[in-house]
>>> print(open('work20.txt').read())   # compact mmCIF, C-alpha atoms and all ligand atoms
# COMPACT_ATOMS: atom_id res chain seq x y z
CA MET A 1 0.00 0.00 0.00
CA SER A 2 1.28 3.46 -0.89
CA ARG A 3 2.40 5.42 2.17
CA ILE A 4 1.86 9.09 3.04
CA GLN A 5 4.74 11.13 1.66
CA ASN A 6 3.65 14.70 2.09
CA ALA A 7 1.19 16.85 4.04
CA ILE A 8 0.16 20.43 3.47
CA VAL A 9 -2.20 22.60 5.51
CA TYR A 10 -4.08 25.66 4.22
CA LEU A 11 -5.88 28.38 6.22
CA VAL A 12 -8.59 29.76 3.97
CA ASP A 13 -11.10 32.64 4.32
CA LEU A 14 -14.13 32.03 2.11
CA PRO A 15 -16.79 34.69 1.44
CA ILE A 16 -20.43 33.67 1.98
CA VAL A 17 -23.55 34.83 0.13
CA ARG A 18 -25.05 36.94 2.95
CA PRO A 19 -24.19 37.71 6.59
CA HIS A 20 -25.13 34.78 8.87
CA GLN A 21 -26.06 35.94 12.37
CA LEU A 22 -25.49 33.71 15.40
CA SER A 23 -25.75 34.69 19.07
CA MET A 24 -22.01 35.21 19.45
CA HIS A 25 -20.87 36.22 15.99
CA THR A 26 -22.06 37.27 12.53
CA ILE A 27 -20.28 35.35 9.78
CA THR A 28 -19.35 37.22 6.59
CA THR A 29 -16.42 35.00 5.64
CA GLN A 30 -16.09 31.46 6.88
CA THR A 31 -12.59 30.34 7.86
CA VAL A 32 -11.72 26.76 6.99
CA VAL A 33 -8.52 24.77 7.53
CA PHE A 34 -7.76 22.16 4.85
CA ILE A 35 -5.26 19.33 5.10
CA LYS A 36 -3.99 17.49 2.02
CA LEU A 37 -2.18 14.17 2.42
CA THR A 38 -0.33 12.86 -0.63
CA ASP A 39 0.93 9.28 -1.04
CA GLU A 40 3.98 7.89 -2.89
CA GLU A 41 1.91 7.41 -6.07
CA GLY A 42 0.79 11.07 -6.06
CA GLU A 43 -2.77 10.29 -4.94
CA SER A 44 -4.16 12.75 -2.40
CA GLY A 45 -6.77 12.78 0.35
CA TRP A 46 -8.34 15.93 1.79
CA GLY A 47 -9.96 16.89 5.07
CA GLU A 48 -11.29 20.14 6.51
CA ALA A 49 -12.05 21.82 9.82
CA ALA A 50 -14.57 24.66 9.51
CA THR A 51 -14.96 26.89 12.55
CA ILE A 52 -17.35 29.73 13.32
CA GLY A 53 -16.13 33.18 14.32
CA GLY A 54 -12.54 32.47 15.39
CA ALA A 55 -12.69 31.57 19.07
CA SER A 56 -16.34 32.53 19.57
CA TYR A 57 -17.94 29.14 18.87
CA GLU A 58 -15.20 26.71 19.91
CA GLU A 59 -12.03 27.07 21.94
CA MET A 60 -9.98 25.91 18.95
CA THR A 61 -9.28 28.77 16.57
CA PRO A 62 -8.52 28.08 12.89
CA GLU A 63 -5.04 29.53 13.38
CA ALA A 64 -4.37 27.10 16.25
CA ILE A 65 -5.79 24.19 14.24
CA LYS A 66 -3.36 24.97 11.38
CA ILE A 67 -0.31 25.19 13.63
CA ASN A 68 -1.27 22.12 15.66
CA LEU A 69 -1.80 20.10 12.49
CA GLU A 70 1.62 21.09 11.16
CA GLN A 71 3.53 20.76 14.43
CA TYR A 72 1.90 17.85 16.21
CA PHE A 73 -0.20 15.80 13.78
CA VAL A 74 1.81 15.64 10.56
CA PRO A 75 4.88 13.95 12.15
CA HIS A 76 2.61 11.01 13.15
CA LEU A 77 1.25 10.73 9.61
CA LEU A 78 4.32 10.85 7.38
CA ARG A 79 5.50 7.44 6.08
CA GLN A 80 2.33 5.80 7.46
CA ASP A 81 -0.03 3.52 5.58
CA PRO A 82 -3.52 5.12 5.26
CA SER A 83 -5.18 1.67 5.27
CA SER A 84 -4.38 1.63 9.03
CA TYR A 85 -6.57 4.70 9.53
CA GLY A 86 -8.14 3.24 12.70
CA LYS A 87 -4.77 2.62 14.33
CA LEU A 88 -3.44 5.98 13.19
CA MET A 89 -6.41 7.76 14.74
CA GLU A 90 -5.91 5.78 17.95
CA THR A 91 -2.30 7.02 18.07
CA LEU A 92 -3.48 10.62 17.57
CA HIS A 93 -6.15 10.26 20.25
CA THR A 94 -3.54 8.98 22.74
CA ARG A 95 -0.69 11.33 21.83
CA ILE A 96 -2.66 14.57 21.34
CA LYS A 97 -5.16 15.95 23.85
CA GLY A 98 -8.39 17.56 22.67
CA ASN A 99 -8.00 19.09 19.19
CA ARG A 100 -11.15 17.36 17.96
CA PHE A 101 -11.59 19.65 14.94
CA ALA A 102 -8.04 18.88 13.80
CA LYS A 103 -8.59 15.16 14.39
CA GLY A 104 -11.76 15.27 12.31
CA ALA A 105 -9.88 16.91 9.42
CA VAL A 106 -7.06 14.34 9.55
CA GLU A 107 -9.41 11.37 9.69
CA SER A 108 -11.37 12.68 6.68
CA ALA A 109 -8.13 13.07 4.73
CA LEU A 110 -7.01 9.54 5.67
CA LEU A 111 -10.35 8.04 4.66
CA ASP A 112 -10.46 10.08 1.44
CA LEU A 113 -6.96 8.92 0.53
CA TYR A 114 -7.53 5.27 1.44
CA GLY A 115 -10.88 5.24 -0.37
CA LYS A 116 -9.17 6.56 -3.51
CA GLN A 117 -6.36 3.99 -3.20
CA VAL A 118 -8.84 1.09 -3.11
CA GLY A 119 -11.47 2.70 -5.37
CA LEU A 120 -14.26 2.72 -2.76
CA PRO A 121 -16.49 5.48 -1.41
CA VAL A 122 -15.89 6.31 2.26
CA TYR A 123 -19.41 5.19 3.29
CA GLN A 124 -18.44 1.73 2.02
CA LEU A 125 -15.47 1.67 4.42
CA LEU A 126 -17.68 2.54 7.39
CA GLY A 127 -20.65 0.21 7.18
CA GLY A 128 -22.28 0.90 3.82
CA LYS A 129 -24.94 3.38 2.90
CA ARG A 130 -28.51 3.02 4.20
CA GLN A 131 -29.86 5.83 2.03
CA ASN A 132 -28.92 7.69 -1.15
CA THR A 133 -30.35 11.05 -0.14
CA LEU A 134 -30.94 12.97 3.09
CA GLN A 135 -33.41 15.73 3.76
CA THR A 136 -31.71 18.95 4.77
CA ALA A 137 -32.71 22.17 6.53
CA TRP A 138 -31.68 25.71 5.67
CA THR A 139 -30.77 28.20 8.39
CA LEU A 140 -32.52 31.57 8.23
CA ALA A 141 -30.13 33.98 9.89
CA SER A 142 -30.21 37.27 7.99
CA GLY A 143 -31.40 39.03 11.15
CA ASP A 144 -34.46 40.46 9.33
CA THR A 145 -37.95 38.87 9.46
CA SER A 146 -39.18 39.86 5.99
CA LYS A 147 -35.85 38.93 4.36
CA ASP A 148 -36.00 35.54 6.10
CA ILE A 149 -39.58 34.94 4.92
CA GLU A 150 -38.64 35.88 1.35
CA GLU A 151 -35.60 33.60 1.45
CA ALA A 152 -37.63 30.66 2.82
CA GLN A 153 -40.43 31.15 0.26
CA GLU A 154 -37.90 31.13 -2.57
CA PHE A 155 -36.36 27.85 -1.34
CA LEU A 156 -39.78 26.27 -0.87
CA TYR A 157 -40.66 27.26 -4.44
CA GLN A 158 -37.37 25.77 -5.69
CA LYS A 159 -38.10 22.59 -3.66
CA ARG A 160 -34.71 23.04 -2.03
CA HIS A 161 -35.73 23.13 1.67
CA ASN A 162 -38.92 22.73 3.70
CA ILE A 163 -37.21 22.68 7.09
CA PHE A 164 -35.93 26.00 8.41
CA LYS A 165 -33.77 26.62 11.44
CA LEU A 166 -33.82 30.12 12.90
CA LYS A 167 -30.92 31.57 14.83
CA ILE A 168 -32.44 33.44 17.76
CA GLY A 169 -29.66 33.94 20.29
CA SER A 170 -28.82 37.53 19.40
CA GLY A 171 -30.93 40.48 20.63
CA ASN A 172 -34.11 40.66 22.70
CA PRO A 173 -35.43 37.13 23.45
CA MET A 174 -39.15 38.00 23.30
CA GLU A 175 -38.73 40.01 20.08
CA ASN A 176 -36.98 36.97 18.66
CA VAL A 177 -39.88 34.76 19.70
CA TYR A 178 -42.27 37.02 17.74
CA HIS A 179 -39.85 36.92 14.79
CA VAL A 180 -40.09 33.09 14.86
CA LEU A 181 -43.88 33.07 15.18
CA ASP A 182 -44.26 35.56 12.29
CA ILE A 183 -42.09 33.35 10.08
CA LYS A 184 -43.96 30.20 11.10
CA LYS A 185 -47.31 31.86 10.33
CA ALA A 186 -46.11 33.15 6.96
CA LEU A 187 -44.72 29.76 5.85
CA GLY A 188 -47.69 27.61 6.94
CA ASP A 189 -48.03 24.11 8.33
CA ASN A 190 -46.12 22.24 5.68
CA VAL A 191 -42.73 23.43 6.86
CA ARG A 192 -40.83 22.43 9.98
CA ILE A 193 -39.47 25.32 12.02
CA THR A 194 -36.70 24.80 14.56
CA VAL A 195 -34.65 27.35 16.49
CA ASP A 196 -31.05 27.56 17.68
CA VAL A 197 -30.27 29.76 20.68
CA ASN A 198 -26.53 28.94 20.70
CA GLN A 199 -26.36 29.06 24.54
CA ALA A 200 -27.62 32.65 24.79
CA TRP A 201 -30.47 32.25 27.32
CA ASP A 202 -30.56 31.57 31.03
CA GLU A 203 -33.13 29.22 32.50
CA GLN A 204 -35.56 31.99 33.42
CA ILE A 205 -35.60 33.40 29.87
CA ALA A 206 -36.00 29.87 28.51
CA ASN A 207 -39.00 29.33 30.78
CA GLU A 208 -40.54 32.58 29.53
CA CYS A 209 -39.93 31.99 25.82
CA LEU A 210 -40.36 28.26 25.31
CA PRO A 211 -44.15 28.11 25.99
CA PHE A 212 -44.72 30.56 23.10
CA LEU A 213 -42.45 28.60 20.76
CA GLN A 214 -44.04 25.30 21.78
CA ASP A 215 -47.61 26.60 21.32
CA GLY A 216 -46.60 28.21 18.04
CA GLY A 217 -45.61 24.81 16.61
CA VAL A 218 -41.81 25.04 16.78
CA ALA A 219 -40.53 21.45 16.69
CA MET A 220 -37.19 21.73 18.42
CA VAL A 221 -34.92 24.18 20.25
CA GLU A 222 -31.17 23.79 19.98
CA GLN A 223 -28.91 24.56 22.95
CA PRO A 224 -31.11 27.11 24.77
CA LEU A 225 -28.75 27.23 27.78
CA PRO A 226 -24.95 27.52 28.13
CA ASP A 227 -23.02 24.31 27.50
CA TRP A 228 -22.19 23.91 31.21
CA ASN A 229 -25.81 24.04 32.41
CA GLU A 230 -26.76 20.41 32.10
CA GLU A 231 -29.08 20.48 35.13
CA GLY A 232 -31.00 23.35 33.55
CA MET A 233 -31.22 21.51 30.21
CA LYS A 234 -32.59 18.50 32.09
CA ARG A 235 -35.31 20.57 33.76
CA LEU A 236 -36.35 22.07 30.38
CA THR A 237 -36.39 18.58 28.86
CA GLN A 238 -38.73 17.36 31.58
CA LYS A 239 -40.98 20.42 31.40
CA PHE A 240 -41.53 20.99 27.68
CA SER A 241 -42.83 18.70 24.97
CA LEU A 242 -40.90 20.36 22.12
CA SER A 243 -37.57 18.64 21.62
CA ILE A 244 -34.67 20.14 23.61
CA MET A 245 -31.53 19.51 21.57
CA ALA A 246 -27.95 19.43 22.88
CA ASP A 247 -25.39 20.88 20.47
CA GLU A 248 -22.50 22.75 22.12
CA SER A 249 -22.96 20.66 25.30
CA ALA A 250 -22.63 17.40 23.32
CA ARG A 251 -19.04 17.38 22.05
CA SER A 252 -17.20 14.26 23.19
CA ILE A 253 -18.70 10.79 23.35
CA GLN A 254 -18.39 11.10 27.15
CA ASP A 255 -20.60 14.23 27.04
CA ILE A 256 -23.16 12.28 25.07
CA PHE A 257 -23.04 9.34 27.45
CA ARG A 258 -23.69 11.73 30.39
CA ILE A 259 -26.58 13.44 28.58
CA ALA A 260 -28.03 10.06 27.67
CA LYS A 261 -27.68 8.73 31.23
CA ASN A 262 -29.25 11.83 32.83
CA HIS A 263 -31.72 12.42 29.97
CA SER A 264 -30.67 16.07 29.94
CA ALA A 265 -31.80 16.55 26.32
CA ASP A 266 -34.34 14.91 23.98
CA SER A 267 -32.09 15.08 20.95
CA ILE A 268 -28.46 15.46 19.88
CA SER A 269 -26.95 17.47 17.03
CA LEU A 270 -24.10 15.46 15.52
CA LYS A 271 -21.16 17.20 13.84
CA VAL A 272 -18.03 15.50 12.53
CA PRO A 273 -15.58 18.25 13.69
CA LYS A 274 -17.24 18.57 17.11
CA HIS A 275 -16.83 14.86 17.89
CA GLY A 276 -13.37 14.56 16.31
CA GLY A 277 -14.05 12.55 13.18
CA LEU A 278 -16.44 10.28 11.31
CA MET A 279 -15.84 7.23 13.50
CA GLU A 280 -16.38 9.22 16.72
CA THR A 281 -19.58 10.63 15.19
CA LYS A 282 -20.85 7.12 14.60
CA LYS A 283 -20.05 6.21 18.22
CA ALA A 284 -21.82 9.39 19.41
CA ALA A 285 -24.92 8.41 17.44
CA ALA A 286 -24.88 4.87 18.86
CA ILE A 287 -24.71 6.16 22.45
CA ALA A 288 -27.58 8.57 21.80
CA GLU A 289 -29.59 5.86 20.08
CA SER A 290 -29.11 3.48 23.00
CA ALA A 291 -30.91 5.97 25.27
CA GLY A 292 -33.68 6.70 22.77
CA LEU A 293 -32.42 10.23 22.01
CA GLN A 294 -33.37 11.69 18.64
CA LEU A 295 -30.63 12.48 16.13
CA TYR A 296 -29.92 15.50 13.95
CA GLY A 297 -27.25 15.60 11.24
CA GLY A 298 -25.56 18.91 12.05
CA THR A 299 -23.00 21.05 10.22
CA MET A 300 -20.25 23.54 11.08
CA ILE A 301 -21.16 25.30 7.81
CA ASP A 302 -18.72 23.08 5.99
CA THR A 303 -17.66 23.40 2.35
CA THR A 304 -18.43 20.64 -0.16
CA LEU A 305 -15.56 18.63 1.35
CA GLY A 306 -16.69 18.72 5.00
CA THR A 307 -20.30 18.31 3.91
CA ALA A 308 -19.32 15.20 1.95
CA ALA A 309 -17.49 13.80 5.00
CA ALA A 310 -20.62 14.30 7.12
CA ALA A 311 -22.86 12.91 4.37
CA HIS A 312 -20.77 9.72 4.04
CA ILE A 313 -21.02 8.92 7.75
CA TYR A 314 -24.65 10.07 8.12
CA ALA A 315 -25.61 7.81 5.21
CA THR A 316 -24.48 4.78 7.25
CA MET A 317 -26.63 5.67 10.27
CA PRO A 318 -30.18 5.03 11.48
CA THR A 319 -32.98 7.53 11.00
CA PHE A 320 -32.46 11.19 11.81
CA ALA A 321 -35.64 12.25 13.62
CA PHE A 322 -34.87 15.90 12.77
CA ASP A 323 -33.17 15.16 9.43
CA THR A 324 -29.99 17.11 8.64
CA GLU A 325 -28.75 20.64 8.02
CA LEU A 326 -26.03 19.97 5.47
CA PHE A 327 -26.64 23.22 3.60
CA GLY A 328 -23.04 24.50 3.97
CA PRO A 329 -22.01 24.53 0.29
CA LEU A 330 -25.07 26.65 -0.57
CA LEU A 331 -23.95 29.44 1.73
CA TYR A 332 -20.56 29.92 0.04
CA GLN A 333 -20.10 32.35 -2.84
CA GLU A 334 -17.80 29.89 -4.59
CA GLN A 335 -17.07 26.18 -4.24
CA ILE A 336 -13.57 24.86 -3.50
CA SER A 337 -14.27 21.80 -5.65
CA PHE A 338 -14.85 21.17 -9.35
CA ASN A 339 -17.92 19.07 -8.60
CA THR A 340 -20.62 19.99 -6.15
CA ILE A 341 -23.30 18.39 -4.02
CA LYS A 342 -26.75 18.04 -5.61
CA TYR A 343 -29.75 19.50 -3.81
CA GLU A 344 -33.14 18.62 -5.28
CA ASN A 345 -36.64 17.72 -4.08
CA PHE A 346 -35.80 18.87 -0.55
CA GLN A 347 -32.99 16.31 -0.39
CA PHE A 348 -29.30 16.23 -1.11
CA ARG A 349 -27.56 13.32 -2.75
CA ILE A 350 -24.76 11.45 -0.94
CA PRO A 351 -21.64 12.06 -3.07
CA GLU A 352 -20.28 8.93 -4.72
CA GLY A 353 -16.62 7.97 -4.23
CA PRO A 354 -13.87 6.96 -4.58
CA GLY A 355 -13.00 8.52 -1.25
CA LEU A 356 -15.28 11.39 -0.33
CA GLY A 357 -16.22 11.91 -3.98
CA ILE A 358 -15.06 15.54 -4.03
CA GLU A 359 -12.59 16.80 -6.65
CA ILE A 360 -10.78 19.62 -4.90
CA ASP A 361 -9.89 22.77 -6.86
CA GLU A 362 -6.55 23.40 -5.15
CA ASN A 363 -5.96 26.64 -7.05
CA LYS A 364 -9.19 28.00 -5.56
CA ILE A 365 -7.97 27.02 -2.09
CA ILE A 366 -4.62 28.71 -2.75
CA HIS A 367 -6.42 31.79 -4.09
CA TYR A 368 -8.40 32.22 -0.83
CA SER A 369 -5.53 31.16 1.47
CA ARG A 370 -4.55 33.70 4.09
CA LYS A 371 -1.41 35.46 2.91
CA ILE A 372 -0.01 36.60 6.26
CA HIS A 373 2.19 33.94 7.81
CA LEU A 374 1.72 33.47 11.54
C1 LIG B 401 -24.83 25.55 15.14
O1 LIG B 401 -24.78 25.91 16.30
O2 LIG B 401 -25.65 24.70 14.88
C2 LIG B 401 -24.89 25.25 12.09
C3 LIG B 401 -25.80 25.77 11.24
C4 LIG B 401 -25.84 27.12 11.46
O3 LIG B 401 -26.54 27.95 10.91
O4 LIG B 401 -24.97 27.43 12.46
C5 LIG B 401 -24.22 26.29 12.78
C6 LIG B 401 -23.84 26.12 14.17
MG MG B 402 -26.42 24.65 17.03
>>> encode(input="work20.txt", output="structure tokens", more="lines below")
Ligand code: MUC
Ligand code: MG
Amino acid sequence: MSRIQNAIVYLVDLPIVRPHQLSMHTITTQTVVFIKLTDEEGESGWGEAATIGGASYEEMTPEAIKINLEQYFVPHLLRQDPSSYGKLMETLHTRIKGNRFAKGAVESALLDLYGKQVGLPVYQLLGGKRQNTLQTAWTLASGDTSKDIEEAQEFLYQKRHNIFKLKIGSGNPMENVYHVLDIKKALGDNVRITVDVNQAWDEQIANECLPFLQDGGVAMVEQPLPDWNEEGMKRLTQKFSLSIMADESARSIQDIFRIAKNHSADSISLKVPKHGGLMETKKAAAIAESAGLQLYGGTMIDTTLGTAAAAHIYATMPTFAFDTELFGPLLYQEQISFNTIKYENFQFRIPEGPGLGIEIDENKIIHYSRKIHL
């Protein structure tokens, strides 16, 4: 088997189509770290770590991910055989603390490379695909009610999305509740509306706002409380019938085990970077499933590459009660790949391999790479 001969890491700032407002940050360009592993035959495998707002979403900044990949990960990868991806990841998990986003990027690159070497799609390496398409939500986050309604109506008309997630962590909580209810009323009963608070409320605000959202037909609320407030999340889970979803509080598989054991959420948002790779994501889903928690196929607003990585692992899993939100590629002004992911009939198609099935446009990545050296 051809061994890894070279590794290169890019830090890339990619413009998006409109500002995307979260509780802690408004995204105008999305920063993504790419790693390319090349074998002795010249075949290459790619992985990415997309982050949101520097250090505002996760402790790991993109700059730190790049340096850590170069300094601490690459030495473990050079001259190694990508077919031992499981063992290689085990070495990284033992030798390097934390760094889940970086681990996720490396594992994707290893799987992409190995899949290309043996001519198989990644989903085939990880259990085989259970479905060819997955339904996917769009996030309305322009910060403006009428713009959001217009955007959603356009996507409904195009049959692109009929599930909409609203970011409501920024600004006055009650005004945001009315913003949600106005959108729900305007879009009618055939759409699913969910909300993401991104940790912005305390328990008292949650207790004030959630009855209105529940009565207004909102299906699920993502991370209403800060990630540390598991007791509060548990009380909300017991009190309300709409699904309380853990996102930022459900990072490691140990977090998910604790949430499952204490039933401190009804549902879990999965994300490949958050858990530290595709295989960890599958473990996370199994732990959640064992406690009857509902699953959601989340995103870090990944490019076509990260979206493909998520799609390959999600395709091998059981049902997603809340479907997925793999809309990332649609938010970027330009794609970093020659091929793209197909969205039609409210579904997107799992990319076919070999590897992740994404042909990277390296010149595009170089074009958007940050020019200042750290
Ligand atoms: C999050 O918290 O879910 C995913 C989609 C989106 O709009 O924001 C991200 C992060
Ligand atoms: Mg979230």
>>> residues_near_ligand(input="work20.txt", ligand="ligand LIG 401 (chain B)", cutoff="10 Å", atoms="all atoms listed in the file", output="PyMOL selection string")
chain A and resi 20-23+27+51-52+57+137-141+164-167+195-199+222-223+246-248+269-271+297-302+324-328+331
>>> closest_residue(input="work20.txt", among="A:Phe346, A:Phe320, A:Tyr296, A:Phe212", to="ligand MG 402 (chain B)", atoms="only C-alpha atoms and all ligand atoms")
A:Tyr296
>>> residues_near_point(input="work20.txt", point="(-33.8, 19.7, 32.5)", cutoff="12 Å", atoms="all atoms listed in the file", output="PyMOL selection string")
chain A and resi 203+206-207+223-225+229-241+243-246+259+262-266
>>> closest_residue(input="work20.txt", among="A:Ala109, A:Ala200, A:Ala64, A:Ala49", to="ligand MG 402 (chain B)", atoms="all atoms listed in the file")
A:Ala200
>>> residues_around(input="work20.txt", residues="stretch 352-365 of chain A", least_positions_apart="5", cutoff="10 Å", atoms="all atoms listed in the file", output="JSON list (two decimals) with C-alpha atoms, in the coordinates of the input")
[["chain", "number", "residue", "atom", "x", "y", "z"],
["A", 10, "TYR", "CA", -4.08, 25.66, 4.22],
["A", 11, "LEU", "CA", -5.88, 28.38, 6.22],
["A", 12, "VAL", "CA", -8.59, 29.76, 3.97],
["A", 13, "ASP", "CA", -11.10, 32.64, 4.32],
["A", 14, "LEU", "CA", -14.13, 32.03, 2.11],
["A", 32, "VAL", "CA", -11.72, 26.76, 6.99],
["A", 33, "VAL", "CA", -8.52, 24.77, 7.53],
["A", 34, "PHE", "CA", -7.76, 22.16, 4.85],
["A", 36, "LYS", "CA", -3.99, 17.49, 2.02],
["A", 44, "SER", "CA", -4.16, 12.75, -2.40],
["A", 45, "GLY", "CA", -6.77, 12.78, 0.35],
["A", 46, "TRP", "CA", -8.34, 15.93, 1.79],
["A", 47, "GLY", "CA", -9.96, 16.89, 5.07],
["A", 108, "SER", "CA", -11.37, 12.68, 6.68],
["A", 109, "ALA", "CA", -8.13, 13.07, 4.73],
["A", 110, "LEU", "CA", -7.01, 9.54, 5.67],
["A", 111, "LEU", "CA", -10.35, 8.04, 4.66],
["A", 112, "ASP", "CA", -10.46, 10.08, 1.44],
["A", 113, "LEU", "CA", -6.96, 8.92, 0.53],
["A", 114, "TYR", "CA", -7.53, 5.27, 1.44],
["A", 115, "GLY", "CA", -10.88, 5.24, -0.37],
["A", 116, "LYS", "CA", -9.17, 6.56, -3.51],
["A", 117, "GLN", "CA", -6.36, 3.99, -3.20],
["A", 118, "VAL", "CA", -8.84, 1.09, -3.11],
["A", 119, "GLY", "CA", -11.47, 2.70, -5.37],
["A", 120, "LEU", "CA", -14.26, 2.72, -2.76],
["A", 121, "PRO", "CA", -16.49, 5.48, -1.41],
["A", 122, "VAL", "CA", -15.89, 6.31, 2.26],
["A", 123, "TYR", "CA", -19.41, 5.19, 3.29],
["A", 124, "GLN", "CA", -18.44, 1.73, 2.02],
["A", 125, "LEU", "CA", -15.47, 1.67, 4.42],
["A", 132, "ASN", "CA", -28.92, 7.69, -1.15],
["A", 304, "THR", "CA", -18.43, 20.64, -0.16],
["A", 305, "LEU", "CA", -15.56, 18.63, 1.35],
["A", 306, "GLY", "CA", -16.69, 18.72, 5.00],
["A", 307, "THR", "CA", -20.30, 18.31, 3.91],
["A", 308, "ALA", "CA", -19.32, 15.20, 1.95],
["A", 309, "ALA", "CA", -17.49, 13.80, 5.00],
["A", 310, "ALA", "CA", -20.62, 14.30, 7.12],
["A", 311, "ALA", "CA", -22.86, 12.91, 4.37],
["A", 312, "HIS", "CA", -20.77, 9.72, 4.04],
["A", 334, "GLU", "CA", -17.80, 29.89, -4.59],
["A", 335, "GLN", "CA", -17.07, 26.18, -4.24],
["A", 336, "ILE", "CA", -13.57, 24.86, -3.50],
["A", 337, "SER", "CA", -14.27, 21.80, -5.65],
["A", 338, "PHE", "CA", -14.85, 21.17, -9.35],
["A", 339, "ASN", "CA", -17.92, 19.07, -8.60],
["A", 340, "THR", "CA", -20.62, 19.99, -6.15],
["A", 341, "ILE", "CA", -23.30, 18.39, -4.02],
["A", 370, "ARG", "CA", -4.55, 33.70, 4.09]]
>>> residues_around(input="work20.txt", residues="A:Gln158", least_positions_apart="3", cutoff="12 Å", atoms="all atoms listed in the file", output="number ranges by chain")
A: 151-155, 161-162, 343-347
>>> closest_residue(input="work20.txt", among="A:Ala250, A:Leu134, A:Ala315, A:Ile4", to="ligand MG 402 (chain B)", atoms="all atoms listed in the file")
A:Ala250
>>> residues_around(input="work20.txt", residues="A:Phe101", least_positions_apart="3", cutoff="8 Å", atoms="only C-alpha atoms", output="JSON, numbers by chain")
{"A": [49, 50, 60, 65, 104, 105, 273, 274, 275, 276, 277]}
>>> atom_distance(input="work20.txt", atom1="atom CA of A:Leu293", atom2="atom CA of A:Ser267")
5.0 Å
>>> closest_residue(input="work20.txt", among="A:Val17, A:Glu107, A:Leu210, A:Ser290", to="A:Val272", atoms="only C-alpha atoms")
A:Glu107
>>> atom_distance(input="work20.txt", atom1="atom CA of A:Phe257", atom2="atom CA of A:Glu90")
19.9 Å
>>> residues_around(input="work20.txt", residues="A:Glu175", least_positions_apart="3", cutoff="12 Å", atoms="only C-alpha atoms", output="PyMOL selection string")
chain A and resi 143-145+168-172+178-182+209+212
>>> residues_around(input="work20.txt", residues="A:Asn190", least_positions_apart="2", cutoff="12 Å", atoms="only C-alpha atoms", output="list of chain:residue names")
A:Gln153, A:Leu156, A:His161, A:Asn162, A:Ile163, A:Phe164, A:Lys184, A:Lys185, A:Ala186, A:Leu187, A:Gly188, A:Arg192, A:Ile193, A:Gly217
>>> residues_near_point(input="work20.txt", point="(-21.5, 35.4, 0.8)", cutoff="6 Å", atoms="all atoms listed in the file", output="count of residues only")
6
>>> closest_residue(input="work20.txt", among="A:Thr319, A:Ser84, A:Thr303, A:Ser252", to="A:Glu289", atoms="all atoms listed in the file")
A:Thr319
>>> decode(input="work20.txt", residues="stretch 39-51 of chain A", atoms="N, CA and C atoms", output="mmCIF file, in the first residue's frame")
data_model
loop_
_atom_site.group_PDB
_atom_site.id
_atom_site.type_symbol
_atom_site.label_atom_id
_atom_site.label_comp_id
_atom_site.auth_asym_id
_atom_site.auth_seq_id
_atom_site.Cartn_x
_atom_site.Cartn_y
_atom_site.Cartn_z
ATOM 1 N N ASP A 39 0.190 10.537 -1.192
ATOM 2 C CA ASP A 39 0.932 9.276 -1.039
ATOM 3 C C ASP A 39 2.066 9.166 -2.066
ATOM 4 N N GLU A 40 2.807 8.062 -2.016
ATOM 5 C CA GLU A 40 3.983 7.894 -2.889
ATOM 6 C C GLU A 40 3.612 7.839 -4.370
ATOM 7 N N GLU A 41 2.362 7.479 -4.667
ATOM 8 C CA GLU A 41 1.906 7.414 -6.067
ATOM 9 C C GLU A 41 1.365 8.761 -6.550
ATOM 10 N N GLY A 42 1.318 9.751 -5.665
ATOM 11 C CA GLY A 42 0.795 11.070 -6.064
ATOM 12 C C GLY A 42 -0.701 11.207 -5.843
ATOM 13 N N GLU A 43 -1.342 10.201 -5.256
ATOM 14 C CA GLU A 43 -2.774 10.286 -4.940
ATOM 15 C C GLU A 43 -2.934 11.147 -3.683
ATOM 16 N N SER A 44 -4.028 11.939 -3.606
ATOM 17 C CA SER A 44 -4.160 12.752 -2.398
ATOM 18 C C SER A 44 -5.534 12.620 -1.756
ATOM 19 N N GLY A 45 -5.529 12.808 -0.448
ATOM 20 C CA GLY A 45 -6.766 12.784 0.349
ATOM 21 C C GLY A 45 -6.873 14.101 1.091
ATOM 22 N N TRP A 46 -8.113 14.608 1.207
ATOM 23 C CA TRP A 46 -8.339 15.929 1.795
ATOM 24 C C TRP A 46 -9.292 15.845 2.984
ATOM 25 N N GLY A 47 -9.034 16.746 3.948
ATOM 26 C CA GLY A 47 -9.963 16.893 5.071
ATOM 27 C C GLY A 47 -10.068 18.357 5.429
ATOM 28 N N GLU A 48 -11.149 18.735 6.123
ATOM 29 C CA GLU A 48 -11.294 20.141 6.506
ATOM 30 C C GLU A 48 -11.791 20.282 7.940
ATOM 31 N N ALA A 49 -11.477 21.435 8.527
ATOM 32 C CA ALA A 49 -12.053 21.822 9.816
ATOM 33 C C ALA A 49 -12.606 23.230 9.642
ATOM 34 N N ALA A 50 -13.934 23.339 9.598
ATOM 35 C CA ALA A 50 -14.569 24.656 9.510
ATOM 36 C C ALA A 50 -14.899 25.107 10.928
ATOM 37 N N THR A 51 -14.642 26.361 11.224
ATOM 38 C CA THR A 51 -14.964 26.892 12.549
ATOM 39 C C THR A 51 -15.882 28.100 12.357
#
